[in-house]
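Colleague: Below you will find the structure I want to go over with you.
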There are 4 protein chains.
Amino acid sequence: MSAMPAPQPIRRQYKDEVIELLGNRGVSVNDIAELVMLIQKSYLPNLTMDACRRSVRKVLAKRETQNAIFTGVALDMLAEKGLLPAPLVDMLRQDDGLYGIDEVMALAIVNVYGSIGLTNFGYLDKSKPGVVGRLNDPRSGQVNTFLDDLVSAIAAAAAARLAHHERDVAD
Amino acid sequence: MSAMPAPQPIRRQYKDEVIELLGNRGVSVNDIAELVMLIQKSYLPNLTMDACRRSVRKVLAKRETQNAIFTGVALDMLAEKGLLPAPLVDMLRQDDGLYGIDEVMALAIVNVYGSIGLTNFGYLDKSKPGVVGRLNDPRSGQVNTFLDDLVSAIAAAAAARLAHHERDVAD
Amino acid sequence: MSAMPAPQPIRRQYKDEVIELLGNRGVSVNDIAELVMLIQKSYLPNLTMDACRRSVRKVLAKRETQNAIFTGVALDMLAEKGLLPAPLVDMLRQDDGLYGIDEVMALAIVNVYGSIGLTNFGYLDKSKPGVVGRLNDPRSGQVNTFLDDLVSAIAAAAAARLAHHERDVAD
Amino acid sequence: MSAMPAPQPIRRQYKDEVIELLGNRGVSVNDIAELVMLIQKSYLPNLTMDACRRSVRKVLAKRETQNAIFTGVALDMLAEKGLLPAPLVDMLRQDDGLYGIDEVMALAIVNVYGSIGLTNFGYLDKSKPGVVGRLNDPRSGQVNTFLDDLVSAIAAAAAARLAHHERDVAD
């Protein structure tokens, strides 16, 4: 283990790092904000895209969200490079229908804004609008088994947050 | 508390009782099996309605499912009769958007067949096909704040069970 | 249903109401703060009782917590009065070992401050220190099947919150 | 990616593989069965070690359990070898107190036998008896951030299973 990097102190916050990591995988804050607008506009007619982006950033500022993103994206990338052991590498590369750890990890994000986000998470994950659809397109050349669920969960949590803080919807 | 009934021994199994209770609230095993068929037929082309009904009955045989149904339907019926304290009675009668205990209780059912059912639960709860739509119709005259989520969860769990036991899909 | 009260508008916040309701059932903010001190003092040596009480109040200000308390305590009180149908009334009055909806509802509270509170919730619920032990004493004359889990969950969430916001531990 | 192995078909079952993987990390079926005996013997006086081992094997036969073990142990081993990106590698190597994805993944195992296992999971994870304590000993030379939670979860699920199937406790 000669190449082992020196241990780094762990910070409380990694918001900028997760935004950069999501960007490297093809997902912007704006992409997720569009999902929030899609699911909340019929309930909150004054909702602005600025408010949606702000809510996504609030969700990304939670350490629970950051932990799930770091872990899920690392697994996607290791599967891409063939660096996971079998049969895990095959489950992730083939997005195996009986593998549900991606949903479990996504749920941890949803729960931070309470259980009212559960329904929207499932809806986004199944109907795959916008960026979720692009992540599921095999032509992306990426393994996104975790990332598509994480993105749906961030959007569902940001929508739940807006429902809880209705005064934040407009600018 | 002169009217208190004598304590009864608790059994391990209440499958017949929950099927009867669901029937009294307007939901049959067949209604739920139709939801299972809807979400699984594209993955399991040989799936029969008999197999769907059998899978629903297996989910209803789990004590965790029975506990959730007894509790949720009791809350719905007490809200209907105005026998719950404020503000809970108002949250349930108005199906308050910030009340998520119904989703929490439904999730306990979904989890029994693993996390792969989460997505289908959210999808059914949001798109409200078949019996879920009828339960959400205010003309039903019932409070179904818990019941619609419970029914979506039973269907999602029964679909996950079929995915795990593919050999059971045909007769 | 001539006695049905007029529907009331639902507020966003019921913090004062849940503190009063817990008080009526024999649980003070201070009782819960003592549990927080017990589980966090070895990690946060400067932790004060004031900081513990403040953290408990923050958890009680979350709507998810309030929903769980209103629902769980209503079920306890209805079981006490024999106003729930069989077999649910017997499960709650006998704190049936196969009934886990109380744990499910408690988990919704824990999750609001992230998954790191799970362990402390289980520990408090099993070892029953302080007020949790008093709630489990049959001589209390109350049905506390839900309340003891809710109190353990509030304490676990308040401890997780302090871990996430370490600067708040002292005054 | 010249070293990429050819994709393998995914099976329904990997029970033998997870028992071998746990063994390679220093955990036997018997080690976990001892935890089951510890937490259930006061409730089930006729409980035998054979019944505990059988219940552990039933939990290990669930695909949800297998998915969680493959994923968590892979993360532990990659952290050990320094093959995860920062800051994830540091969180896992230092078992960071604000990282809770290990608890989240363990919960997926517990839930398969219903919510009654939640309390025992937290209790084992906190009090660290038997093999859980050995896994937490820094002298093990391993990163066991996920494994100790997974082992506690398997034991809690196996205990919940015995509570649900009381007739299986003796031989």
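All residue names refer to the structure tokens as shown: chains lettered A, B, ... in order, residues numbered from 1 in each chain, ligands numbered from 1 in order.
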Pick out the residues sitting within 9 Å of region 35-37 of chain A, and hand them over as JSON, numbers by chain; count only C-alpha atoms, and ignore anything fewer than 6 positions along from it in its own chain.
Modeller: {"A": [47, 48, 49, 52, 53, 55, 56, 124, 129, 130, 131, 132, 152, 154, 155, 156, 157, 158, 159]}
Colleague: Near Arg57 (chain A), counting only C-alpha atoms, which residues have an atom at most 10 Å away, once you skip same-chain residues fewer than 3 positions from it, shown as a list in words?
Modeller: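 My list of contacting residues is Lys15, Asp16, Ile19, Val29, Asn30, Ile32, Ala33, Ala51, Cys52, Arg53, Arg54, Leu60, Ala61, Lys62, Ile154 and Ala158 of chain A.
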Colleague: Should the cut-off be 10 Å, what would the residue list for chain D against chain C look like, counting only C-alpha atoms, as a VMD selection string?
Modeller: chain D and resid 43 97 to 105 107 111 114 to 127 149 160 163 to 164
Colleague: I'd like to know which residues of chain C are alpha helix (DSSP H) (by DSSP, run on the backbone); could you write them as a count of residues only?
Modeller: 104
Colleague: Mind giving me the straight-line distance from CA of Val73 (chain C) to CA of Val143 (chain B) in Å, one decimal?
Modeller: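 About the pair CA of Val73 (chain C) and CA of Val143 (chain B): they are 20.1 Å apart.
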Colleague: Excluding Asp90 (chain D) and any residue of its chain fewer than 4 positions from it, enumerate the residues within 8 Å of it, using only C-alpha atoms, and give them as a list in words.
Modeller: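 The residues satisfying every condition are Pro7, Gln8, Pro9 and Ile10 of chain A; Ala79, Ala86, Gln94 and Asp96 of chain D.
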